[in-house]
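Shown here: model23.csv, CSV, C-alpha atoms.
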```csv
chain,number,residue,atom,x,y,z
Y,1277,MET,CA,20.7,-65.6,73.5
Y,1278,ALA,CA,21.6,-63.6,70.3
Y,1279,LEU,CA,18.8,-61.5,68.7
Y,1280,LYS,CA,17.9,-62.3,65.1
Y,1281,LYS,CA,18.3,-59.4,62.7
Y,1282,ALA,CA,15.2,-58.2,60.9
Y,1283,PRO,CA,15.4,-58.8,57.2
Y,1284,GLU,CA,16.3,-55.8,55.2
Y,1285,PRO,CA,13.3,-54.2,53.4
Y,1286,HIS,CA,13.0,-54.9,49.7
Y,1287,VAL,CA,14.3,-52.0,47.6
Y,1288,ASN,CA,11.6,-50.9,45.2
Y,1289,HIS,CA,13.2,-50.0,41.9
Y,1290,GLU,CA,9.9,-49.0,40.3
Y,1291,ARG,CA,9.2,-45.8,42.3
Y,1292,TRP,CA,10.0,-43.7,39.2
Y,1293,LEU,CA,6.7,-45.0,37.7
Y,1294,VAL,CA,4.8,-42.7,40.0
Y,1295,SER,CA,6.6,-39.6,38.9
Y,1296,TYR,CA,6.4,-40.7,35.3
Y,1297,ALA,CA,2.6,-41.3,35.6
Y,1298,ASP,CA,2.1,-37.8,37.0
Y,1299,PHE,CA,4.2,-36.3,34.2
Y,1300,ILE,CA,2.2,-38.1,31.5
Y,1301,THR,CA,-1.1,-37.0,33.1
Y,1302,LEU,CA,0.0,-33.4,33.2
Y,1303,LEU,CA,1.2,-33.6,29.6
Y,1304,PHE,CA,-2.1,-35.1,28.5
Y,1305,ALA,CA,-3.9,-32.3,30.2
Y,1306,VAL,CA,-1.8,-29.7,28.4
Y,1307,PHE,CA,-2.5,-31.2,25.0
Y,1308,VAL,CA,-6.2,-31.3,25.7
Y,1309,VAL,CA,-6.2,-27.6,26.6
Y,1310,LEU,CA,-4.1,-26.8,23.5
Y,1311,TYR,CA,-6.4,-28.8,21.3
Y,1312,ALA,CA,-9.5,-27.0,22.7
Y,1313,MET,CA,-7.9,-23.6,22.0
Y,1314,GLY,CA,-6.9,-24.7,18.5
Y,1315,GLN,CA,-10.5,-25.6,17.7
Y,1316,SER,CA,-11.7,-22.2,18.8
Y,1317,ASP,CA,-9.1,-20.4,16.7
Y,1318,LYS,CA,-9.9,-22.5,13.7
Y,1319,LYS,CA,-13.5,-21.4,13.9
Y,1320,LYS,CA,-12.5,-17.8,14.1
Y,1321,VAL,CA,-10.1,-18.2,11.1
Y,1322,GLU,CA,-12.9,-19.8,9.1
Y,1323,GLU,CA,-15.2,-16.9,9.9
Y,1324,VAL,CA,-12.6,-14.4,8.8
Y,1325,MET,CA,-11.9,-16.2,5.6
Y,1326,GLN,CA,-15.6,-16.3,4.8
Y,1327,SER,CA,-15.8,-12.6,5.4
Y,1328,ILE,CA,-12.8,-11.8,3.2
Y,1329,GLN,CA,-14.2,-14.0,0.4
Y,1330,SER,CA,-17.6,-12.3,0.7
Y,1331,SER,CA,-16.0,-8.9,0.6
Y,1332,PHE,CA,-14.1,-9.6,-2.6
Y,1333,GLY,CA,-17.1,-11.2,-4.2
Y,1334,MET,CA,-15.8,-14.7,-4.1
Y,1335,ALA,CA,-18.2,-17.7,-3.9
Y,1336,THR,CA,-17.9,-19.8,-0.7
Y,1337,ALA,CA,-17.9,-23.5,-0.7
Y,1338,GLY,CA,-21.1,-23.8,1.2
Y,1339,ALA,CA,-23.8,-21.8,-0.5
Y,1340,SER,CA,-26.2,-22.4,2.4
Y,1341,SER,CA,-23.8,-21.3,5.1
Y,1342,PRO,CA,-24.6,-18.1,6.9
Y,1343,LYS,CA,-22.8,-14.9,5.9
Y,1344,VAL,CA,-20.4,-13.7,8.5
Y,1345,ASN,CA,-19.6,-10.0,8.5
Y,1346,VAL,CA,-16.3,-10.0,10.4
Y,1347,ILE,CA,-14.7,-7.5,8.0
Y,1348,PRO,CA,-17.0,-4.9,6.5
Y,1349,SER,CA,-16.8,-4.9,2.7
Y,1350,GLN,CA,-16.9,-1.2,2.4
Y,1351,ALA,CA,-13.7,-0.9,4.5
Y,1352,ILE,CA,-11.6,-2.7,1.8
Y,1353,THR,CA,-9.9,-0.4,-0.7
Y,1354,VAL,CA,-7.2,-0.7,-3.3
Y,1355,ILE,CA,-3.8,0.7,-2.4
Y,1356,PRO,CA,-3.3,3.6,-4.8
Y,1357,SER,CA,0.4,3.0,-5.4
Y,1358,LEU,CA,-0.2,-0.6,-6.3
Y,1359,LYS,CA,-3.4,-0.1,-8.4
Y,1360,PRO,CA,-2.6,-1.5,-11.9
Y,1361,GLU,CA,-4.8,1.0,-13.7
Y,1362,ILE,CA,-4.7,4.6,-12.7
Y,1363,ALA,CA,-7.1,7.3,-14.0
Y,1364,VAL,CA,-5.0,10.2,-15.2
Y,1365,ASN,CA,-5.6,13.6,-16.6
Y,1366,PRO,CA,-2.6,14.5,-18.8
Y,1367,MET,CA,-2.8,18.3,-18.4
Y,1368,GLY,CA,-4.9,18.9,-15.3
Y,1369,ARG,CA,-2.9,17.4,-12.4
Y,1370,THR,CA,-3.8,18.8,-9.0
Y,1371,ARG,CA,-0.9,19.5,-6.6
Y,1372,SER,CA,-1.2,18.6,-3.0
Y,1373,GLY,CA,2.5,18.1,-2.0
Y,1374,GLN,CA,1.5,16.7,1.4
Y,1375,GLY,CA,1.8,13.3,3.0
Y,1376,LYS,CA,4.6,12.0,0.8
Y,1377,THR,CA,7.1,9.6,2.2
Y,1378,ARG,CA,10.5,8.3,1.0
Y,1379,ALA,CA,10.4,5.1,-0.9
Y,1380,GLU,CA,12.7,2.3,0.3
Y,1381,GLU,CA,13.7,-0.9,-1.3
Y,1382,LYS,CA,10.5,-2.7,-0.5
Y,1383,ASP,CA,8.6,0.2,-2.0
Y,1384,PHE,CA,10.7,0.0,-5.2
Y,1385,ARG,CA,9.8,-3.7,-5.4
Y,1386,GLN,CA,6.1,-2.9,-5.1
Y,1387,ILE,CA,6.2,-0.1,-7.7
Y,1388,LYS,CA,8.1,-2.4,-10.0
Y,1389,SER,CA,5.6,-5.2,-9.7
Y,1390,ALA,CA,2.6,-2.8,-10.1
Y,1391,VAL,CA,4.1,-1.2,-13.2
Y,1392,GLU,CA,5.1,-4.6,-14.8
Y,1393,ALA,CA,1.6,-5.9,-14.2
Y,1394,TYR,CA,0.1,-2.8,-15.9
Y,1395,LEU,CA,2.5,-3.2,-18.9
Y,1396,VAL,CA,1.5,-6.9,-19.3
Y,1397,LYS,CA,-2.2,-5.9,-19.3
Y,1398,GLN,CA,-1.5,-3.2,-21.9
Y,1399,GLY,CA,0.8,-5.3,-24.0
Y,1400,ALA,CA,3.6,-2.8,-23.6
Y,1401,GLN,CA,6.3,-4.9,-22.1
Y,1402,SER,CA,8.6,-4.2,-25.1
Y,1403,LYS,CA,8.4,-0.4,-24.5
Y,1404,VAL,CA,9.5,-0.2,-20.9
Y,1405,THR,CA,11.9,-2.1,-18.7
Y,1406,LEU,CA,12.4,-1.8,-14.9
Y,1407,GLU,CA,15.4,-2.5,-12.8
Y,1408,ILE,CA,16.3,-2.0,-9.1
Y,1409,THR,CA,20.0,-1.2,-8.5
Y,1410,ARG,CA,22.0,0.6,-5.8
Y,1411,ARG,CA,20.9,3.9,-7.4
Y,1412,GLY,CA,17.3,3.0,-6.8
Y,1413,LEU,CA,14.5,2.2,-9.3
Y,1414,ILE,CA,15.3,2.7,-13.0
Y,1415,VAL,CA,12.4,2.8,-15.5
Y,1416,SER,CA,13.8,2.8,-19.0
Y,1417,LEU,CA,11.5,4.2,-21.7
Y,1418,LYS,CA,12.6,2.8,-25.1
Y,1419,GLU,CA,12.9,5.2,-28.0
Y,1420,ALA,CA,10.6,3.2,-30.2
Y,1421,GLY,CA,7.6,3.6,-27.9
Y,1422,PHE,CA,8.0,7.2,-26.9
Y,1423,PHE,CA,10.0,9.2,-29.6
Y,1424,ASN,CA,10.2,9.3,-33.3
Y,1425,SER,CA,13.7,8.6,-34.7
Y,1426,GLY,CA,15.9,11.6,-34.5
Y,1427,GLN,CA,13.2,13.6,-32.7
Y,1428,ALA,CA,12.9,14.8,-29.1
Y,1429,ASN,CA,9.1,15.4,-28.7
Y,1430,ILE,CA,7.2,12.8,-26.9
Y,1431,LYS,CA,4.7,10.9,-29.0
Y,1432,PRO,CA,1.1,11.9,-28.2
Y,1433,GLU,CA,0.1,8.2,-27.9
Y,1434,ALA,CA,2.8,7.7,-25.3
Y,1435,TYR,CA,1.4,10.1,-22.7
Y,1436,GLU,CA,-1.0,7.6,-21.2
Y,1437,LEU,CA,1.8,5.1,-20.4
Y,1438,ILE,CA,4.0,7.9,-19.0
Y,1439,ASN,CA,1.2,9.2,-16.9
Y,1440,THR,CA,0.5,5.8,-15.3
Y,1441,ILE,CA,4.2,5.2,-14.5
Y,1442,ALA,CA,4.7,8.8,-13.2
Y,1443,GLU,CA,1.5,8.6,-11.1
Y,1444,VAL,CA,3.0,5.8,-9.1
Y,1445,MET,CA,6.5,7.2,-8.8
Y,1446,THR,CA,5.5,10.7,-7.8
Y,1447,GLN,CA,3.6,9.5,-4.7
Y,1448,TYR,CA,7.0,9.5,-3.0
Y,1449,ASN,CA,9.4,12.3,-2.3
Y,1450,ASN,CA,12.5,10.6,-3.6
Y,1451,PRO,CA,14.6,12.7,-6.0
Y,1452,LEU,CA,14.0,11.9,-9.7
Y,1453,ARG,CA,16.5,12.0,-12.5
Y,1454,VAL,CA,15.5,12.1,-16.2
Y,1455,GLU,CA,18.4,10.8,-18.3
Y,1456,GLY,CA,18.6,10.7,-22.1
Y,1457,HIS,CA,20.7,8.1,-24.0
Y,1458,THR,CA,21.3,7.3,-27.6
Y,1459,ASP,CA,23.2,4.7,-29.6
Y,1460,ASN,CA,26.6,5.5,-31.3
Y,1461,VAL,CA,25.2,6.3,-34.7
Y,1462,PRO,CA,26.0,10.0,-35.4
Y,1463,ILE,CA,23.3,12.5,-35.9
Y,1464,SER,CA,23.8,15.9,-37.6
Y,1465,THR,CA,20.8,18.1,-38.1
Y,1466,ALA,CA,20.1,21.8,-37.7
Y,1467,GLN,CA,18.2,21.0,-34.5
Y,1468,PHE,CA,20.6,18.3,-33.1
Y,1469,PRO,CA,24.2,18.7,-34.3
Y,1470,SER,CA,25.2,15.6,-32.2
Y,1471,ASN,CA,23.8,12.9,-29.9
Y,1472,TRP,CA,24.5,15.2,-27.0
Y,1473,GLU,CA,21.8,17.6,-28.0
Y,1474,LEU,CA,19.3,14.9,-28.9
Y,1475,SER,CA,19.7,13.0,-25.6
Y,1476,THR,CA,19.6,16.2,-23.5
Y,1477,SER,CA,16.6,17.6,-25.3
Y,1478,ARG,CA,14.6,14.3,-24.8
Y,1479,ALA,CA,15.5,14.3,-21.1
Y,1480,THR,CA,14.5,18.0,-20.8
Y,1481,ASN,CA,11.2,17.5,-22.5
Y,1482,GLY,CA,10.4,14.7,-20.2
Y,1483,LEU,CA,11.3,16.7,-17.2
Y,1484,LYS,CA,9.2,19.7,-18.2
Y,1485,TYR,CA,6.2,17.4,-18.8
Y,1486,LEU,CA,6.5,15.8,-15.4
Y,1487,LEU,CA,6.8,19.2,-13.7
Y,1488,ARG,CA,3.8,20.5,-15.6
Y,1489,SER,CA,1.6,17.5,-15.0
Y,1490,PHE,CA,2.5,16.1,-11.6
Y,1491,ASP,CA,3.1,17.1,-8.0
Y,1492,ILE,CA,7.0,17.2,-8.0
Y,1493,ASP,CA,9.3,19.5,-6.0
Y,1494,PRO,CA,11.5,21.2,-8.7
Y,1495,ASN,CA,14.4,21.0,-6.2
Y,1496,LYS,CA,14.2,17.2,-6.4
Y,1497,ILE,CA,14.2,16.6,-10.2
Y,1498,SER,CA,16.9,17.1,-12.9
Y,1499,ALA,CA,17.6,16.2,-16.5
Y,1500,THR,CA,20.8,15.3,-18.2
Y,1501,GLY,CA,21.9,13.8,-21.5
Y,1502,TYR,CA,24.6,11.1,-21.9
Y,1503,ALA,CA,24.6,10.7,-25.6
Y,1504,GLU,CA,26.0,7.3,-26.5
Y,1505,PHE,CA,28.5,7.1,-23.6
Y,1506,ARG,CA,26.5,5.1,-21.1
Y,1507,PRO,CA,25.2,2.1,-23.1
Y,1508,ILE,CA,23.5,-0.9,-21.6
Y,1509,SER,CA,24.0,-3.1,-24.6
Y,1510,ASP,CA,26.4,-3.7,-27.5
Y,1511,ASN,CA,26.2,-1.0,-30.2
Y,1512,THR,CA,27.4,-3.4,-32.8
Y,1513,THR,CA,24.0,-5.1,-33.2
Y,1514,GLN,CA,20.7,-3.6,-34.2
Y,1515,GLU,CA,19.0,-5.0,-31.1
Y,1516,GLY,CA,21.7,-3.6,-28.9
Y,1517,ARG,CA,21.4,-0.1,-30.4
Y,1518,ALA,CA,17.7,-0.2,-29.9
Y,1519,ARG,CA,18.1,-0.9,-26.2
Y,1520,ASN,CA,20.6,1.9,-25.9
Y,1521,ARG,CA,18.2,4.5,-27.3
Y,1522,ARG,CA,16.2,5.3,-24.2
Y,1523,VAL,CA,15.2,7.8,-21.6
Y,1524,ASP,CA,15.6,6.6,-18.0
Y,1525,LEU,CA,13.4,7.8,-15.1
Y,1526,VAL,CA,15.6,7.2,-12.0
Y,1527,MET,CA,14.0,7.2,-8.6
Y,1528,LEU,CA,17.0,7.7,-6.3
Y,1529,SER,CA,17.6,5.6,-3.2
Y,1530,GLY,CA,18.8,7.2,0.0
Y,1531,GLU,CA,22.3,5.9,-0.6
Y,1532,ALA,CA,22.4,7.3,-4.2
Y,1533,GLU,CA,21.1,10.7,-3.0
Y,1534,GLN,CA,24.1,11.0,-0.6
Y,1535,GLY,CA,26.3,11.2,-3.6
Y,1536,GLU,CA,24.3,14.0,-5.3
Y,1537,PRO,CA,25.7,17.5,-5.4
```
Would you mind giving the structure from this file in structure tokens?
Amino acid sequence: MALKKAPEPHVNHERWLVSYADFITLLFAVFVVLYAMGQSDKKKVEEVMQSIQSSFGMATAGASSPKVNVIPSQAITVIPSLKPEIAVNPMGRTRSGQGKTRAEEKDFRQIKSAVEAYLVKQGAQSKVTLEITRRGLIVSLKEAGFFNSGQANIKPEAYELINTIAEVMTQYNNPLRVEGHTDNVPISTAQFPSNWELSTSRATNGLKYLLRSFDIDPNKISATGYAEFRPISDNTTQEGRARNRRVDLVMLSGEAEQGEP
């Protein structure tokens, strides 16, 4: 008598649900842990924000909320090189010569922003322009704000503005170049037979004042005059000639210094 074959067991096509359920459970647990950690960090962030606002004298949203001293207010100071207003003594500069570093492109941008903010506050935007090039940071002092026409002596009322700009720039040890420029209108006086003498004399007077008043290594500063031969604008218009009459304070970059003699 032939034996009957046992029926084949039914294939369960839903076994993957067990693994899937385990995966979802683990994923849920991970998100619960992350959420709990996030809530803790959020509380710490709020405490730090309240402390910063309190340190800077800013009113918080909840007047009745307790004051959190995460960051002591006395530990917060203004970075000297970015301070928009700098107390200066035109003729009594102390000389330390220590702790200076080389300014890089990011420092040039910070100096430019700080000086421009100061110029806006003083209403002197028309007297100074700043530009960052491959040579470094170029601060152009326009003739109208710093010199009388045909003269090389710095106006007394211009010293405060020069001091503020130089105070920021001389905190670094980059080489400085003082460069005089004129327009193409000829000059012929007993003191200045041509624009060469006028531009050079203005640059030299600026250099001597900086050396006398600020902590600058004499080996890292020089003066030169270019007369009308390096214009930045068209000399055929009055506005263009006014832009060309200037003294540039150039804070050299590392790349530009490599090409120096």
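Nearest residue to Lys1496 of chain Y, choosing from Y:Glu1473, Y:Val1461, Y:Asn1449, Y:Arg1522 and counting all atoms listed in the file: Y:Asn1449.
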Please measure the separation of atom CA of Ser1529 of chain Y and atom CA of Glu1380 of chain Y, giving the value in Å to one decimal.
6.9 Å
Nearest to Glu1515 of chain Y by atom-to-atom distance, counting all atoms listed in the file, from Y:Ile1300, Y:Ser1389, Y:Ala1305, Y:Ala1420
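Nearest to Glu1515 of chain Y: Y:Ala1420.
Distance check against Pro1451 of chain Y using all atoms listed in the file: of Y:Ala1428, Y:Ala1434, Y:Ala1393, Y:Met1527, the minimum falls on Y:Met1527.
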I'd like to know which of Y:Glu1455, Y:Asp1493, Y:Glu1536, Y:Asp1383 is closest to Ser1416 of chain Y, using all atoms listed in the file.
Y:Glu1455
Which is closest to Arg1519 of chain Y among Y:Leu1417, Y:Leu1452, Y:Leu1310, Y:Ala1532, if we use only C-alpha atoms?
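Between Y:Leu1417, Y:Leu1452, Y:Leu1310, Y:Ala1532, the residue approaching Arg1519 of chain Y most closely is Y:Leu1417.
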Shell around Thr1500 of chain Y at 10 Å using all atoms listed in the file, local window under 4 positions removed, as a list in words:
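Answer for this query is Arg1453, Val1454, Glu1455, Gly1456, His1457, Trp1472, Ser1475, Thr1476, Ser1477, Arg1478, Ala1479, Thr1480, Leu1483 and Val1523 of chain Y.
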Segment 1395-1406 of chain Y surroundings by all atoms listed in the file, 9 Å radius, close-in-sequence under 2 positions cut, as JSON, numbers by chain:
{"Y": [1360, 1388, 1390, 1391, 1392, 1393, 1408, 1413, 1414, 1415, 1416, 1417, 1418, 1419, 1420, 1421, 1422, 1437]}
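If you look at atom CA of Arg1378 of chain Y and atom CA of Ser1489 of chain Y, they are 20.5 Å away from each other.
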Atom pair atom CA of Lys1484 of chain Y / atom CA of Glu1381 of chain Y: separation (Å)
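Straight-line distance from atom CA of Lys1484 of chain Y to atom CA of Glu1381 of chain Y works out to 27.0 Å.
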